[in-house]
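Peer 1: Before I ask anything, let me first share the structure, which is written out below as C-alpha cells.
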2 protein chains.
Amino acid sequence: MSERARRHGRDAVTIRDVAGHAGVSTATVSRVLAGTRPVRRDIADRVVASVAALGYRPNPAARALSSGTLAHLAVVVPSLTNPYFYEIVDQLNSGATAAGFRLLVADSGGDPEAEWRVVGDLRSQVAGIFLLSPRMAAGHLRQLADEQVRLVLVNRVEPSSTAATVAVDNARAAMRIAAHLLELGHRRIAYLGGQSDAWQDQERWRGFQAAAEFGMIVTRLEGSGTLDVDDQIVERLLAADVTAVACFNDLSAIALIGQLRDRGVSVPGQLSITGFDDIPIARFLTPALTTVNSPTVELGERAWSLMEQQLRHDVPLEPVMLEADLLLRGSTGPSVG
Amino acid sequence: MSERARRHGRDAVTIRDVAGHAGVSTATVSRVLAGTRPVRRDIADRVVASVAALGYRPNPAARALSSGTLAHLAVVVPSLTNPYFYEIVDQLNSGATAAGFRLLVADSGGDPEAEWRVVGDLRSQVAGIFLLSPRMAAGHLRQLADEQVRLVLVNRVEPSSTAATVAVDNARAAMRIAAHLLELGHRRIAYLGGQSDAWQDQERWRGFQAAAEFGMIVTRLEGSGTLDVDDQIVERLLAADVTAVACFNDLSAIALIGQLRDRGVSVPGQLSITGFDDIPIARFLTPALTTVNSPTVELGERAWSLMEQQLRHDVPLEPVMLEADLLLRGSTGPSVG
DNA sequence: ATGAAAGCGCTAACAG
DNA sequence: CTGTTAGCGCTTTCAT
C-alpha cells in the first residue's frame, strides 16, 4: 500500500475509478456530483450507483485546486475561551455546514497584529472569513475589503471599510443600563472597562459617558473583560465612591461579584452590578445578573447570511445594527448612596 | 482579472513567479521553502528574497494535492456551546497552530450517528481527527482505527479500539466527591446524570454507585448535562429525599442551583450540590461550586502530543489516564438530614 | 546541488 | 448531452 493510500486509510478511489466503473468519462462524473450541467437520467443513476459501490469521496484538495476555491470558511475570534462567542460560532457553523462548508477556527489572542497575521494566512485557504470583534487596524480592514477578501465583520463597525458588517448597538445598550441605574437612584457609577482598543469597549464607554448628560457621574476603571480581574479592584472601586458598577461584560461582572463576595460586600445591597452580553449562565447566578442581551443567535444568523450573499457575488450592504434588550435581574437594586 | 484571481483578491503569485524572479527552477523554490533537501546558501537567500519581494504564499490546496496531505486537523465536539470543550479546543489549537496546522471544528450535536457521518466526511479532508467525548458506536471507533485514520480520543475509553486515547479517570473523581459528601454526613444523595450514552456519564455513575459500598444510598435522576434542566427537577429531588446532589457537570449544577434559589431552597443550607469539570466560572459563583477539576489543559496537551506522535508515524500508546482533583468550595456543607 | 518534467485528482473549456 | 483534454500550483522522482 502506498504512503498516500495509507494516509487515507485505503487505496483512495478517484473520480477515474468511478468513471471506469460506470463506463463514462470523468467529466460526466464530475458533472453529476457537482450538478453543474444536466446529465441524462439513466447515466446519472449509474454514476451515483458506482459512487456508492466504490465508496468514492471527492478529494477536496484536488477540487479546490481545480476550481480555485476551497469549501472552507474561517472564523477568527479574540479568544476561544470566551463563552460569548460560542453561540455565534455555533450559528455560523450551522449555516456553513448546511451549505457544505467547513469552519476553520483561529484564535488571535486579542492581539491586533496577530489577528492581521492570522488573516493573512487564512485568506488563501478559505472562501471567506468571519471576524468576530476584530481589533486590527482600520487600515488593515480597509485593505482586506479592497483586496476582495470575502469578509464579515461582527461587532466592529468600520465606516472606512466596505466589508459586510453586523453589530449590536452597544452605545445604545449602555445608555439603557445607565438609565436603569439612574432610575434606581444611582448617580455616581463606575464603568469597569474591557480592552480599550476594542470597538465594543469604546462604544459602551461612549454610551455611559452620555449618561453624564443626565446628571450621572461616571468614572472609568480599567479592566480586562475576562474573569481575571485585578486583585485591587475592590479597593479601587471603594475609593471611587460609587453605588453601582457597570461592567464591560458578564464575565468581568461575574469575577467582580466573586471578589465582592469574598470581601463581604453585598450585591445589590451595597453595590449594584451590571453586565453585558447575557451569556447563558447569567440568569443562573446568585444574584442573577442584570445585563443586556446581545442577540447572539440573530448576530450569527445575520453574519452567515451576509457571507452567503458574498459567496453568491452579491454586493455588500449597509451595516446591520441590532438592538439589545435590558434584562432586569437581581444584581441591581436601589441606590444606598 | 480572472475569476480565480479575483477570488484571491489579486493575481495570485505562484511558485513559478518566484522561480522566475529568483532565476531558479520551481523545484528549487519548493526545496528552499520545504527544506526537504540542501540548497546552496546564496541561491536559497535569493529565493527567500524573491518570496518576500513578491509576497508569495504557497497555495495549500496545490500543496495538499501534490503531497497527499492537508495541513488541517479536525476536532469533533458534541456541542459548540459547552465551555468545557473550548478549553480543550483552545489547547489543541495552540499545539496545531505552532506545528503549522489549522483546526477544523465540527459539531455533532451529541448524536452518535451524526458524529459518524461527520467523521466520514472529514477523514479525507484532514491529516487527523480529535474526537472529544465521542458517543459513536464502539464498532465504528474500531473501524476507524483499523482504517488507519489518525485519531485521538478524548474522554472516551474504548478498549476494543486501538485509537490513541487520553481521558480523565471519571469514576475515581466521582468517588472522591462521594467520599467528601459522606464525610459531611450525607448518606442519601442523588446523582443528576448527563446523557446516559456518554462514556463520561457511565463512568461517573459507576463511581457514585461504588459509594453504595460505603453505606450511601445513591439515586439516579435523569438530566441533560446542560443548562436546560427539567422544570420539575426540584420536585423530583425533594421527592427523592436526599441531602446532597452530585451533578453530571458544572453546567447542570449551575442550572440546578438557579432553580433551587428560585424555589427558596438554600445551598448548601438545605441541600449540598457538587459539579464536575471546574469550568472557569465555577469558583466565582455564589456559593462557589464544589467540583472536581478536569485537567483540561493537560488533557489538551496530551491529546495534542498523541496526535503529533501519529503524524510522525509513531505507534499509538496505552490510554493515558489523568487524575482529577477535588475542589472544596461553598456549595457543599454538613448534612442536615 | 539543481533543473526538467511528470503527475496529484479534479473541473472546465472546447469539441462533437 | 457527453467525451477529450488542458491545466490548477505544487512536490518529487529522475536526470544531470
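Residue names in the C-alpha cells use chain letters A, B, ... in the order shown, residue numbers from 1 in each chain, and ligand numbers from 1 in the order shown.
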Pull out every residue of chain C that has at least one atom within 10 Å of chain A, counting only C-alpha atoms (C1' of nucleotides), and report them as a CSV table (one decimal) with N, CA and C atoms (P, O5', C5', C4', C3', O3' and C1' of nucleotides), in the first residue's frame.

Peer 2:
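Contents of result_0.csv, freshly written:
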```
chain,number,residue,atom,x,y,z
C,8,DC,P,-1.1,10.5,-11.1
C,8,DC,O5',-1.5,11.3,-9.7
C,8,DC,C5',-0.7,11.1,-8.5
C,8,DC,C4',-1.3,12.2,-7.5
C,8,DC,C3',-2.8,12.4,-7.6
C,8,DC,O3',-3.4,11.6,-6.6
C,8,DC,C1',-1.6,14.5,-7.6
C,9,DG,P,-4.5,10.5,-7.0
C,9,DG,O5',-5.8,11.5,-7.2
C,9,DG,C5',-6.3,12.2,-6.1
C,9,DG,C4',-7.3,13.2,-6.6
C,9,DG,C3',-8.5,12.6,-7.3
C,9,DG,O3',-9.6,13.1,-6.8
C,9,DG,C1',-7.5,14.4,-8.6
C,10,DC,P,-11.1,12.9,-7.4
C,10,DC,O5',-11.3,14.3,-8.1
C,10,DC,C5',-11.4,15.4,-7.3
C,10,DC,C4',-11.3,16.7,-8.1
C,10,DC,C3',-12.5,16.9,-9.0
C,10,DC,O3',-13.4,17.9,-8.4
C,10,DC,C1',-10.4,17.3,-10.1
C,11,DT,P,-14.8,18.2,-9.1
C,11,DT,O5',-14.3,19.3,-10.2
C,11,DT,C5',-13.8,20.5,-9.7
C,11,DT,C4',-13.5,21.4,-10.8
C,11,DT,C3',-14.7,21.9,-11.7
C,11,DT,O3',-14.5,23.3,-11.9
C,11,DT,C1',-13.0,21.0,-13.1
C,12,DA,P,-15.6,24.1,-12.5
C,12,DA,O5',-15.1,24.4,-13.9
C,12,DA,C5',-13.7,25.0,-14.1
C,12,DA,C4',-13.4,25.1,-15.5
C,12,DA,C3',-14.6,25.6,-16.4
C,12,DA,O3',-14.1,26.3,-17.5
C,12,DA,C1',-14.0,23.5,-17.1
```

Peer 1: Could you give me, as a PyMOL selection string, each residue of segment 152-246 of chain A that DSSP assigns to strand (DSSP E or B) when run on this structure's backbone?

Peer 2: chain A and resi 152-154+164-168+188-192+217-221+244-246

Peer 1: Any chance you could list, as number ranges by chain, the residues in segment 83-323 of chain A that come up alpha helix (DSSP H) when DSSP is run on the backbone?

Peer 2: A: 83-98, 112-122, 138-146, 170-183, 199-210, 233-240, 250-263, 296-311

Peer 1: Would you mind reading off the distance between atom CA of Pro287 of chain B and atom CA of Leu260 of chain B, one decimal, in Å?

Peer 2: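 Pair atom CA of Pro287 of chain B / atom CA of Leu260 of chain B returns 12.3 Å.
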
Peer 1: Taking only C-alpha atoms (C1' of nucleotides) into account, what are the residues of chain D at most 9 Å from chain B, put as a ChimeraX atom specification?

Peer 2: /D:8-12

Peer 1: Please produce a file of those selected residues containing C-alpha atoms (C1' of nucleotides), as a PDB file, in the first residue's frame.

Peer 2:
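part-v8.pdb was written with the following content:
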```pdb
ATOM      1  C1'  DC D   8      -4.925  24.450 -11.307  1.00  0.00           C
ATOM      2  C1'  DG D   9       0.136  25.075  -8.141  1.00  0.00           C
ATOM      3  C1'  DC D  10       2.909  22.282  -6.003  1.00  0.00           C
ATOM      4  C1'  DT D  11       6.144  18.237  -4.859  1.00  0.00           C
ATOM      5  C1'  DT D  12       9.050  14.782  -6.306  1.00  0.00           C
TER       6       DT D  12
END
```

Peer 1: With distances taken over only C-alpha atoms, which residue among A:Val76, A:Ala163, A:Ile88, A:Val105 lies nearest chain B?

Peer 2: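 Of the candidates, the smallest distance to chain B is held by A:Val105.
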
Peer 1: Quick one: everything within 12 Å of Asp231 of chain A, counting only C-alpha atoms (C1' of nucleotides), minus sequence neighbours fewer than 2 positions away in the same chain. Send it as a PyMOL selection string.

Peer 2: chain A and resi 223+227-229+233-237+255-256+258-260+262-263

Peer 1: Hey, list the chain A side of the contact with chain B: 8 Å cut-off, only C-alpha atoms, answer as a PyMOL selection string.

Peer 2: chain A and resi 4+6-10+57+59-62+64-65+68-70+80-81+83+86-87+89-90+93+102-107+123-125+127+147-149+227+254-255+257-259+261+280-281+283-287

Peer 1: One decimal, in Å: what's the spacing between atom CA of Ala171 of chain A and atom CA of Ala137 of chain A?

Peer 2: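 Here the two named atoms are 20.8 Å from each other.
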
Peer 1: Could you work out how far atom CA of Gly20 of chain B lies from atom CA of Ala52 of chain B, giving the answer in Å with one decimal?

Peer 2: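 These two atoms are separated by 13.8 Å.
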